[in-house]
$ cat query08.pdb   # PDB, N, CA and C atoms, pLDDT in the B column
ATOM      1  N   MET A   1     263.072  22.176 127.119  1.00 60.00           N
ATOM      2  CA  MET A   1     264.024  21.331 126.443  1.00 60.00           C
ATOM      3  C   MET A   1     265.125  22.205 125.851  1.00 60.00           C
ATOM      4  N   SER A   2     266.368  21.773 125.964  1.00 69.00           N
ATOM      5  CA  SER A   2     267.483  22.590 125.489  1.00 69.00           C
ATOM      6  C   SER A   2     267.790  22.297 124.023  1.00 69.00           C
ATOM      7  N   ASP A   3     268.554  23.195 123.437  1.00 84.00           N
ATOM      8  CA  ASP A   3     268.987  23.017 122.060  1.00 84.00           C
ATOM      9  C   ASP A   3     269.997  21.885 121.971  1.00 84.00           C
ATOM     10  N   ARG A   4     270.091  21.321 120.789  1.00 82.00           N
ATOM     11  CA  ARG A   4     271.085  20.266 120.557  1.00 82.00           C
ATOM     12  C   ARG A   4     272.492  20.820 120.701  1.00 82.00           C
ATOM     13  N   ARG A   5     273.399  19.978 121.129  1.00 84.00           N
ATOM     14  CA  ARG A   5     274.796  20.374 121.277  1.00 84.00           C
ATOM     15  C   ARG A   5     275.676  19.784 120.182  1.00 84.00           C
ATOM     16  N   TYR A   6     275.169  18.804 119.480  1.00 85.00           N
ATOM     17  CA  TYR A   6     275.936  18.158 118.406  1.00 85.00           C
ATOM     18  C   TYR A   6     275.185  18.302 117.104  1.00 85.00           C
ATOM     19  N   PRO A   7     275.862  18.418 116.018  1.00 85.00           N
ATOM     20  CA  PRO A   7     277.310  18.396 115.847  1.00 85.00           C
ATOM     21  C   PRO A   7     277.942  19.727 116.227  1.00 85.00           C
ATOM     22  N   LEU A   8     279.208  19.648 116.607  1.00 84.00           N
ATOM     23  CA  LEU A   8     279.996  20.831 116.928  1.00 84.00           C
ATOM     24  C   LEU A   8     280.495  21.478 115.640  1.00 84.00           C
ATOM     25  N   PRO A   9     280.864  22.750 115.715  1.00 80.00           N
ATOM     26  CA  PRO A   9     281.511  23.354 114.549  1.00 80.00           C
ATOM     27  C   PRO A   9     282.789  22.584 114.220  1.00 80.00           C
ATOM     28  N   ASP A  10     283.230  22.678 112.997  1.00 73.00           N
ATOM     29  CA  ASP A  10     284.428  21.968 112.551  1.00 73.00           C
ATOM     30  C   ASP A  10     285.649  22.526 113.278  1.00 73.00           C
ATOM     31  N   LEU A  11     286.162  21.770 114.239  1.00 68.00           N
ATOM     32  CA  LEU A  11     287.323  22.183 115.027  1.00 68.00           C
ATOM     33  C   LEU A  11     288.477  21.206 114.881  1.00 68.00           C
ATOM     34  N   ARG A  12     288.457  20.375 113.852  1.00 61.00           N
ATOM     35  CA  ARG A  12     289.383  19.254 113.808  1.00 61.00           C
ATOM     36  C   ARG A  12     290.845  19.662 113.899  1.00 61.00           C
ATOM     37  N   SER A  13     291.243  20.827 113.400  1.00 68.00           N
ATOM     38  CA  SER A  13     292.652  21.197 113.477  1.00 68.00           C
ATOM     39  C   SER A  13     293.034  21.689 114.872  1.00 68.00           C
ATOM     40  N   ASP A  14     292.059  22.110 115.666  1.00 76.00           N
ATOM     41  CA  ASP A  14     292.343  22.645 116.991  1.00 76.00           C
ATOM     42  C   ASP A  14     291.875  21.746 118.130  1.00 76.00           C
ATOM     43  N   ASP A  15     291.081  20.742 117.843  1.00 81.00           N
ATOM     44  CA  ASP A  15     290.475  19.931 118.894  1.00 81.00           C
ATOM     45  C   ASP A  15     291.344  18.713 119.195  1.00 81.00           C
ATOM     46  N   ARG A  16     292.062  18.786 120.283  1.00 86.00           N
ATOM     47  CA  ARG A  16     292.977  17.700 120.672  1.00 86.00           C
ATOM     48  C   ARG A  16     292.244  16.520 121.309  1.00 86.00           C
ATOM     49  N   ARG A  17     290.938  16.648 121.500  1.00 87.00           N
ATOM     50  CA  ARG A  17     290.174  15.549 122.113  1.00 87.00           C
ATOM     51  C   ARG A  17     289.909  14.419 121.133  1.00 87.00           C
ATOM     52  N   PHE A  18     289.876  14.714 119.824  1.00 88.00           N
ATOM     53  CA  PHE A  18     289.583  13.685 118.824  1.00 88.00           C
ATOM     54  C   PHE A  18     290.879  12.955 118.488  1.00 88.00           C
ATOM     55  N   THR A  19     291.143  11.881 119.227  1.00 89.00           N
ATOM     56  CA  THR A  19     292.398  11.145 119.107  1.00 89.00           C
ATOM     57  C   THR A  19     292.120   9.666 118.887  1.00 89.00           C
ATOM     58  N   THR A  20     293.192   8.923 118.657  1.00 90.00           N
ATOM     59  CA  THR A  20     293.042   7.469 118.571  1.00 90.00           C
ATOM     60  C   THR A  20     292.636   6.905 119.928  1.00 90.00           C
ATOM     61  N   GLY A  21     292.986   7.605 121.013  1.00 93.00           N
ATOM     62  CA  GLY A  21     292.555   7.180 122.343  1.00 93.00           C
ATOM     63  C   GLY A  21     291.043   7.195 122.483  1.00 93.00           C
ATOM     64  N   LEU A  22     290.397   8.180 121.875  1.00 93.00           N
ATOM     65  CA  LEU A  22     288.932   8.239 121.879  1.00 93.00           C
ATOM     66  C   LEU A  22     288.364   7.014 121.170  1.00 93.00           C
ATOM     67  N   LEU A  23     288.930   6.682 120.028  1.00 92.00           N
ATOM     68  CA  LEU A  23     288.485   5.509 119.275  1.00 92.00           C
ATOM     69  C   LEU A  23     288.694   4.231 120.094  1.00 92.00           C
ATOM     70  N   PHE A  24     289.837   4.125 120.769  1.00 93.00           N
ATOM     71  CA  PHE A  24     290.119   2.970 121.620  1.00 93.00           C
ATOM     72  C   PHE A  24     289.098   2.869 122.751  1.00 93.00           C
ATOM     73  N   ASP A  25     288.776   4.014 123.381  1.00 95.00           N
ATOM     74  CA  ASP A  25     287.783   4.016 124.465  1.00 95.00           C
ATOM     75  C   ASP A  25     286.412   3.561 123.972  1.00 95.00           C
ATOM     76  N   ILE A  26     286.027   3.982 122.777  1.00 92.00           N
ATOM     77  CA  ILE A  26     284.741   3.557 122.200  1.00 92.00           C
ATOM     78  C   ILE A  26     284.762   2.052 121.940  1.00 92.00           C
ATOM     79  N   ALA A  27     285.883   1.542 121.430  1.00 92.00           N
ATOM     80  CA  ALA A  27     285.998   0.093 121.190  1.00 92.00           C
ATOM     81  C   ALA A  27     285.851  -0.680 122.496  1.00 92.00           C
ATOM     82  N   CYS A  28     286.479  -0.211 123.564  1.00 94.00           N
ATOM     83  CA  CYS A  28     286.372  -0.860 124.873  1.00 94.00           C
ATOM     84  C   CYS A  28     284.942  -0.791 125.411  1.00 94.00           C
ATOM     85  N   LEU A  29     284.305   0.343 125.226  1.00 94.00           N
ATOM     86  CA  LEU A  29     282.929   0.518 125.685  1.00 94.00           C
ATOM     87  C   LEU A  29     281.972  -0.426 124.960  1.00 94.00           C
ATOM     88  N   LEU A  30     282.136  -0.549 123.648  1.00 93.00           N
ATOM     89  CA  LEU A  30     281.304  -1.487 122.891  1.00 93.00           C
ATOM     90  C   LEU A  30     281.489  -2.903 123.408  1.00 93.00           C
ATOM     91  N   GLU A  31     282.732  -3.295 123.618  1.00 95.00           N
ATOM     92  CA  GLU A  31     283.019  -4.639 124.111  1.00 95.00           C
ATOM     93  C   GLU A  31     282.432  -4.857 125.503  1.00 95.00           C
ATOM     94  N   ALA A  32     282.524  -3.867 126.366  1.00 97.00           N
ATOM     95  CA  ALA A  32     281.989  -3.988 127.727  1.00 97.00           C
ATOM     96  C   ALA A  32     280.473  -4.177 127.735  1.00 97.00           C
ATOM     97  N   HIS A  33     279.812  -3.702 126.685  1.00 97.00           N
ATOM     98  CA  HIS A  33     278.356  -3.839 126.587  1.00 97.00           C
ATOM     99  C   HIS A  33     277.948  -5.047 125.749  1.00 97.00           C
ATOM    100  N   GLY A  34     278.910  -5.936 125.451  1.00 97.00           N
ATOM    101  CA  GLY A  34     278.592  -7.186 124.783  1.00 97.00           C
ATOM    102  C   GLY A  34     278.679  -7.164 123.267  1.00 97.00           C
ATOM    103  N   TYR A  35     279.089  -6.037 122.697  1.00 96.00           N
ATOM    104  CA  TYR A  35     279.250  -5.964 121.239  1.00 96.00           C
ATOM    105  C   TYR A  35     280.641  -6.452 120.861  1.00 96.00           C
ATOM    106  N   PRO A  36     280.790  -6.942 119.631  1.00 94.00           N
ATOM    107  CA  PRO A  36     282.138  -7.357 119.223  1.00 94.00           C
ATOM    108  C   PRO A  36     283.070  -6.141 119.168  1.00 94.00           C
ATOM    109  N   ARG A  37     284.268  -6.329 119.641  1.00 90.00           N
ATOM    110  CA  ARG A  37     285.261  -5.258 119.641  1.00 90.00           C
ATOM    111  C   ARG A  37     285.734  -5.019 118.205  1.00 90.00           C
ATOM    112  N   PRO A  38     285.657  -3.779 117.717  1.00 88.00           N
ATOM    113  CA  PRO A  38     286.168  -3.494 116.375  1.00 88.00           C
ATOM    114  C   PRO A  38     287.694  -3.518 116.401  1.00 88.00           C
ATOM    115  N   VAL A  39     288.282  -4.437 115.658  1.00 86.00           N
ATOM    116  CA  VAL A  39     289.743  -4.551 115.644  1.00 86.00           C
ATOM    117  C   VAL A  39     290.321  -4.489 114.237  1.00 86.00           C
ATOM    118  N   ALA A  40     289.530  -4.829 113.224  1.00 90.00           N
ATOM    119  CA  ALA A  40     290.026  -4.808 111.856  1.00 90.00           C
ATOM    120  C   ALA A  40     290.171  -3.361 111.389  1.00 90.00           C
ATOM    121  N   GLY A  41     291.133  -3.118 110.523  1.00 90.00           N
ATOM    122  CA  GLY A  41     291.381  -1.772 110.022  1.00 90.00           C
ATOM    123  C   GLY A  41     290.152  -1.107 109.441  1.00 90.00           C
ATOM    124  N   GLY A  42     289.382  -1.851 108.653  1.00 93.00           N
ATOM    125  CA  GLY A  42     288.179  -1.286 108.042  1.00 93.00           C
ATOM    126  C   GLY A  42     287.144  -0.887 109.069  1.00 93.00           C
ATOM    127  N   ASP A  43     286.976  -1.716 110.112  1.00 92.00           N
ATOM    128  CA  ASP A  43     286.028  -1.378 111.173  1.00 92.00           C
ATOM    129  C   ASP A  43     286.481  -0.138 111.939  1.00 92.00           C
ATOM    130  N   LEU A  44     287.774  -0.059 112.238  1.00 90.00           N
ATOM    131  CA  LEU A  44     288.280   1.091 112.990  1.00 90.00           C
ATOM    132  C   LEU A  44     288.140   2.381 112.194  1.00 90.00           C
ATOM    133  N   ILE A  45     288.411   2.323 110.904  1.00 92.00           N
ATOM    134  CA  ILE A  45     288.239   3.506 110.062  1.00 92.00           C
ATOM    135  C   ILE A  45     286.775   3.892 110.013  1.00 92.00           C
ATOM    136  N   TRP A  46     285.887   2.911 109.865  1.00 92.00           N
ATOM    137  CA  TRP A  46     284.455   3.199 109.830  1.00 92.00           C
ATOM    138  C   TRP A  46     284.016   3.877 111.118  1.00 92.00           C
ATOM    139  N   TRP A  47     284.433   3.341 112.274  1.00 91.00           N
ATOM    140  CA  TRP A  47     284.056   3.937 113.555  1.00 91.00           C
ATOM    141  C   TRP A  47     284.633   5.338 113.705  1.00 91.00           C
ATOM    142  N   GLN A  48     285.860   5.548 113.266  1.00 90.00           N
ATOM    143  CA  GLN A  48     286.462   6.873 113.343  1.00 90.00           C
ATOM    144  C   GLN A  48     285.656   7.878 112.522  1.00 90.00           C
ATOM    145  N   GLN A  49     285.277   7.482 111.316  1.00 89.00           N
ATOM    146  CA  GLN A  49     284.484   8.360 110.459  1.00 89.00           C
ATOM    147  C   GLN A  49     283.093   8.606 111.047  1.00 89.00           C
ATOM    148  N   ALA A  50     282.482   7.563 111.608  1.00 90.00           N
ATOM    149  CA  ALA A  50     281.155   7.711 112.214  1.00 90.00           C
ATOM    150  C   ALA A  50     281.205   8.669 113.402  1.00 90.00           C
ATOM    151  N   LEU A  51     282.235   8.543 114.229  1.00 89.00           N
ATOM    152  CA  LEU A  51     282.394   9.460 115.352  1.00 89.00           C
ATOM    153  C   LEU A  51     282.592  10.893 114.868  1.00 89.00           C
ATOM    154  N   PHE A  52     283.420  11.056 113.850  1.00 87.00           N
ATOM    155  CA  PHE A  52     283.661  12.393 113.320  1.00 87.00           C
ATOM    156  C   PHE A  52     282.374  13.017 112.797  1.00 87.00           C
ATOM    157  N   ARG A  53     281.598  12.234 112.035  1.00 85.00           N
ATOM    158  CA  ARG A  53     280.331  12.752 111.503  1.00 85.00           C
ATOM    159  C   ARG A  53     279.359  13.110 112.620  1.00 85.00           C
ATOM    160  N   THR A  54     279.373  12.350 113.717  1.00 87.00           N
ATOM    161  CA  THR A  54     278.468  12.610 114.827  1.00 87.00           C
ATOM    162  C   THR A  54     278.899  13.836 115.626  1.00 87.00           C
ATOM    163  N   ILE A  55     280.192  13.985 115.846  1.00 88.00           N
ATOM    164  CA  ILE A  55     280.700  15.052 116.701  1.00 88.00           C
ATOM    165  C   ILE A  55     280.799  16.390 115.968  1.00 88.00           C
ATOM    166  N   TYR A  56     281.234  16.366 114.708  1.00 86.00           N
ATOM    167  CA  TYR A  56     281.487  17.601 113.971  1.00 86.00           C
ATOM    168  C   TYR A  56     280.538  17.766 112.799  1.00 86.00           C
ATOM    169  N   ARG A  57     280.393  18.981 112.361  1.00 79.00           N
ATOM    170  CA  ARG A  57     279.576  19.259 111.177  1.00 79.00           C
ATOM    171  C   ARG A  57     280.255  18.732 109.932  1.00 79.00           C
ATOM    172  N   THR A  58     279.452  18.273 109.011  1.00 69.00           N
ATOM    173  CA  THR A  58     279.950  17.821 107.719  1.00 69.00           C
ATOM    174  C   THR A  58     279.343  18.699 106.640  1.00 69.00           C
ATOM    175  N   ASP A  59     279.746  18.479 105.399  1.00 63.00           N
ATOM    176  CA  ASP A  59     279.198  19.311 104.334  1.00 63.00           C
ATOM    177  C   ASP A  59     277.732  18.966 104.093  1.00 63.00           C
ATOM    178  N   HIS A  60     277.082  19.675 103.188  1.00 54.00           N
ATOM    179  CA  HIS A  60     275.639  19.533 102.965  1.00 54.00           C
ATOM    180  C   HIS A  60     275.235  18.159 102.457  1.00 54.00           C
ATOM    181  N   GLU A  61     276.178  17.390 101.908  1.00 54.00           N
ATOM    182  CA  GLU A  61     275.864  16.036 101.410  1.00 54.00           C
ATOM    183  C   GLU A  61     276.113  14.978 102.471  1.00 54.00           C
ATOM    184  N   GLY A  62     276.606  15.393 103.627  1.00 52.00           N
ATOM    185  CA  GLY A  62     276.883  14.440 104.671  1.00 52.00           C
ATOM    186  C   GLY A  62     278.256  13.823 104.587  1.00 52.00           C
ATOM    187  N   SER A  63     279.092  14.294 103.672  1.00 53.00           N
ATOM    188  CA  SER A  63     280.431  13.761 103.543  1.00 53.00           C
ATOM    189  C   SER A  63     281.320  14.338 104.627  1.00 53.00           C
ATOM    190  N   VAL A  64     282.250  13.537 105.089  1.00 50.00           N
ATOM    191  CA  VAL A  64     283.178  13.988 106.111  1.00 50.00           C
ATOM    192  C   VAL A  64     284.176  14.952 105.472  1.00 50.00           C
ATOM    193  N   LEU A  65     284.463  16.006 106.178  1.00 48.00           N
ATOM    194  CA  LEU A  65     285.378  17.026 105.667  1.00 48.00           C
ATOM    195  C   LEU A  65     286.788  16.809 106.191  1.00 48.00           C
ATOM    196  N   ILE A  66     287.392  15.694 105.860  1.00 47.00           N
ATOM    197  CA  ILE A  66     288.763  15.419 106.319  1.00 47.00           C
ATOM    198  C   ILE A  66     289.699  15.644 105.158  1.00 47.00           C
TER     199      ILE A  66
END

$ encode --input "query08.pdb" --output "structure tokens"
Amino acid sequence: MSDRRYPLPDLRSDDRRFTTGLLFDIACLLEAHGYPRPVAGGDLIWWQQALFRTIYRTDHEGSVLI
């Protein structure tokens, strides 16, 4: 079994992959699988933060380092 690959080191200032397009793709993917599409501002912010916490390392309390 291999080591985990996530979370990645904090690369937010250099990582051009973390874009609003990524968030849009996740929204489309959720909808394609029968989940409600996140469209409200609060839902989109929540999903953006959840993706960031999953992809990148956060501080010891689990807070997002934005």

$ axis_aligned_box --input "query08.pdb" --around "region 6-11 of chain A" --padding-each-side "6 Å" --output "AutoDock Vina command-line options"
--center_x 281.8 --center_y 20.8 --center_z 116.0 --size_x 25.3 --size_y 17.2 --size_z 18.9

$ resolve_selection --input "query08.pdb" --expression "the PyMOL selection byres ((chain A and resi 8) around 6.5)" --output "PyMOL selection string"
chain A and resi 5-7+9-11+54-57

$ atom_distance --input "query08.pdb" --atom1 "CA of Thr20 (chain A)" --atom2 "CA of Trp47 (chain A)"
10.9 Å

$ resolve_selection --input "query08.pdb" --expression "the PyMOL selection byres (((chain A and resi 27-34 and name CA) around 12) and name CA)" --output "list in words"
Thr20, Gly21, Leu22, Leu23, Phe24, Asp25, Ile26, Tyr35, Pro36, Arg37, Pro38, Val39, Ala40, Asp43, Leu44, Ile45, Trp46, Trp47, Gln48 and Leu51 of chain A

$ atom_distance --input "query08.pdb" --atom1 "atom C of Phe52 (chain A)" --atom2 "atom N of Arg4 (chain A)"
16.8 Å

$ atom_distance --input "query08.pdb" --atom1 "CA of Phe18 (chain A)" --atom2 "atom N of Ala50 (chain A)"
11.8 Å

$ build_atoms --input "query08.pdb" --residues "region 31-55 of chain A" --atoms "N, CA, C and O atoms" --output "PDB file, keeping the file's coordinate frame"
ATOM      1  N   GLU A  31     282.732  -3.295 123.618  1.00 95.00           N
ATOM      2  CA  GLU A  31     283.019  -4.639 124.111  1.00 95.00           C
ATOM      3  C   GLU A  31     282.432  -4.857 125.503  1.00 95.00           C
ATOM      4  O   GLU A  31     281.860  -5.919 125.794  1.00 95.00           O
ATOM      5  N   ALA A  32     282.524  -3.867 126.366  1.00 97.00           N
ATOM      6  CA  ALA A  32     281.989  -3.988 127.727  1.00 97.00           C
ATOM      7  C   ALA A  32     280.473  -4.177 127.735  1.00 97.00           C
ATOM      8  O   ALA A  32     279.917  -4.756 128.663  1.00 97.00           O
ATOM      9  N   HIS A  33     279.812  -3.702 126.685  1.00 97.00           N
ATOM     10  CA  HIS A  33     278.356  -3.839 126.587  1.00 97.00           C
ATOM     11  C   HIS A  33     277.948  -5.047 125.749  1.00 97.00           C
ATOM     12  O   HIS A  33     276.784  -5.170 125.363  1.00 97.00           O
ATOM     13  N   GLY A  34     278.910  -5.936 125.451  1.00 97.00           N
ATOM     14  CA  GLY A  34     278.592  -7.186 124.783  1.00 97.00           C
ATOM     15  C   GLY A  34     278.679  -7.164 123.267  1.00 97.00           C
ATOM     16  O   GLY A  34     278.378  -8.160 122.618  1.00 97.00           O
ATOM     17  N   TYR A  35     279.089  -6.037 122.697  1.00 96.00           N
ATOM     18  CA  TYR A  35     279.250  -5.964 121.239  1.00 96.00           C
ATOM     19  C   TYR A  35     280.641  -6.452 120.861  1.00 96.00           C
ATOM     20  O   TYR A  35     281.565  -6.375 121.667  1.00 96.00           O
ATOM     21  N   PRO A  36     280.790  -6.942 119.631  1.00 94.00           N
ATOM     22  CA  PRO A  36     282.138  -7.357 119.223  1.00 94.00           C
ATOM     23  C   PRO A  36     283.070  -6.141 119.168  1.00 94.00           C
ATOM     24  O   PRO A  36     282.671  -5.064 118.737  1.00 94.00           O
ATOM     25  N   ARG A  37     284.268  -6.329 119.641  1.00 90.00           N
ATOM     26  CA  ARG A  37     285.261  -5.258 119.641  1.00 90.00           C
ATOM     27  C   ARG A  37     285.734  -5.019 118.205  1.00 90.00           C
ATOM     28  O   ARG A  37     286.158  -5.944 117.526  1.00 90.00           O
ATOM     29  N   PRO A  38     285.657  -3.779 117.717  1.00 88.00           N
ATOM     30  CA  PRO A  38     286.168  -3.494 116.375  1.00 88.00           C
ATOM     31  C   PRO A  38     287.694  -3.518 116.401  1.00 88.00           C
ATOM     32  O   PRO A  38     288.313  -2.746 117.135  1.00 88.00           O
ATOM     33  N   VAL A  39     288.282  -4.437 115.658  1.00 86.00           N
ATOM     34  CA  VAL A  39     289.743  -4.551 115.644  1.00 86.00           C
ATOM     35  C   VAL A  39     290.321  -4.489 114.237  1.00 86.00           C
ATOM     36  O   VAL A  39     291.481  -4.151 114.071  1.00 86.00           O
ATOM     37  N   ALA A  40     289.530  -4.829 113.224  1.00 90.00           N
ATOM     38  CA  ALA A  40     290.026  -4.808 111.856  1.00 90.00           C
ATOM     39  C   ALA A  40     290.171  -3.361 111.389  1.00 90.00           C
ATOM     40  O   ALA A  40     289.424  -2.472 111.821  1.00 90.00           O
ATOM     41  N   GLY A  41     291.133  -3.118 110.523  1.00 90.00           N
ATOM     42  CA  GLY A  41     291.381  -1.772 110.022  1.00 90.00           C
ATOM     43  C   GLY A  41     290.152  -1.107 109.441  1.00 90.00           C
ATOM     44  O   GLY A  41     289.874   0.057 109.723  1.00 90.00           O
ATOM     45  N   GLY A  42     289.382  -1.851 108.653  1.00 93.00           N
ATOM     46  CA  GLY A  42     288.179  -1.286 108.042  1.00 93.00           C
ATOM     47  C   GLY A  42     287.144  -0.887 109.069  1.00 93.00           C
ATOM     48  O   GLY A  42     286.499   0.160 108.943  1.00 93.00           O
ATOM     49  N   ASP A  43     286.976  -1.716 110.112  1.00 92.00           N
ATOM     50  CA  ASP A  43     286.028  -1.378 111.173  1.00 92.00           C
ATOM     51  C   ASP A  43     286.481  -0.138 111.939  1.00 92.00           C
ATOM     52  O   ASP A  43     285.674   0.724 112.266  1.00 92.00           O
ATOM     53  N   LEU A  44     287.774  -0.059 112.238  1.00 90.00           N
ATOM     54  CA  LEU A  44     288.280   1.091 112.990  1.00 90.00           C
ATOM     55  C   LEU A  44     288.140   2.381 112.194  1.00 90.00           C
ATOM     56  O   LEU A  44     287.756   3.417 112.745  1.00 90.00           O
ATOM     57  N   ILE A  45     288.411   2.323 110.904  1.00 92.00           N
ATOM     58  CA  ILE A  45     288.239   3.506 110.062  1.00 92.00           C
ATOM     59  C   ILE A  45     286.775   3.892 110.013  1.00 92.00           C
ATOM     60  O   ILE A  45     286.416   5.072 110.122  1.00 92.00           O
ATOM     61  N   TRP A  46     285.887   2.911 109.865  1.00 92.00           N
ATOM     62  CA  TRP A  46     284.455   3.199 109.830  1.00 92.00           C
ATOM     63  C   TRP A  46     284.016   3.877 111.118  1.00 92.00           C
ATOM     64  O   TRP A  46     283.297   4.873 111.091  1.00 92.00           O
ATOM     65  N   TRP A  47     284.433   3.341 112.274  1.00 91.00           N
ATOM     66  CA  TRP A  47     284.056   3.937 113.555  1.00 91.00           C
ATOM     67  C   TRP A  47     284.633   5.338 113.705  1.00 91.00           C
ATOM     68  O   TRP A  47     283.976   6.242 114.219  1.00 91.00           O
ATOM     69  N   GLN A  48     285.860   5.548 113.266  1.00 90.00           N
ATOM     70  CA  GLN A  48     286.462   6.873 113.343  1.00 90.00           C
ATOM     71  C   GLN A  48     285.656   7.878 112.522  1.00 90.00           C
ATOM     72  O   GLN A  48     285.368   8.982 112.969  1.00 90.00           O
ATOM     73  N   GLN A  49     285.277   7.482 111.316  1.00 89.00           N
ATOM     74  CA  GLN A  49     284.484   8.360 110.459  1.00 89.00           C
ATOM     75  C   GLN A  49     283.093   8.606 111.047  1.00 89.00           C
ATOM     76  O   GLN A  49     282.584   9.727 111.002  1.00 89.00           O
ATOM     77  N   ALA A  50     282.482   7.563 111.608  1.00 90.00           N
ATOM     78  CA  ALA A  50     281.155   7.711 112.214  1.00 90.00           C
ATOM     79  C   ALA A  50     281.205   8.669 113.402  1.00 90.00           C
ATOM     80  O   ALA A  50     280.326   9.516 113.570  1.00 90.00           O
ATOM     81  N   LEU A  51     282.235   8.543 114.229  1.00 89.00           N
ATOM     82  CA  LEU A  51     282.394   9.460 115.352  1.00 89.00           C
ATOM     83  C   LEU A  51     282.592  10.893 114.868  1.00 89.00           C
ATOM     84  O   LEU A  51     281.997  11.825 115.407  1.00 89.00           O
ATOM     85  N   PHE A  52     283.420  11.056 113.850  1.00 87.00           N
ATOM     86  CA  PHE A  52     283.661  12.393 113.320  1.00 87.00           C
ATOM     87  C   PHE A  52     282.374  13.017 112.797  1.00 87.00           C
ATOM     88  O   PHE A  52     282.071  14.163 113.090  1.00 87.00           O
ATOM     89  N   ARG A  53     281.598  12.234 112.035  1.00 85.00           N
ATOM     90  CA  ARG A  53     280.331  12.752 111.503  1.00 85.00           C
ATOM     91  C   ARG A  53     279.359  13.110 112.620  1.00 85.00           C
ATOM     92  O   ARG A  53     278.592  14.053 112.496  1.00 85.00           O
ATOM     93  N   THR A  54     279.373  12.350 113.717  1.00 87.00           N
ATOM     94  CA  THR A  54     278.468  12.610 114.827  1.00 87.00           C
ATOM     95  C   THR A  54     278.899  13.836 115.626  1.00 87.00           C
ATOM     96  O   THR A  54     278.063  14.648 116.023  1.00 87.00           O
ATOM     97  N   ILE A  55     280.192  13.985 115.846  1.00 88.00           N
ATOM     98  CA  ILE A  55     280.700  15.052 116.701  1.00 88.00           C
ATOM     99  C   ILE A  55     280.799  16.390 115.968  1.00 88.00           C
ATOM    100  O   ILE A  55     280.474  17.426 116.532  1.00 88.00           O
TER     101      ILE A  55
END
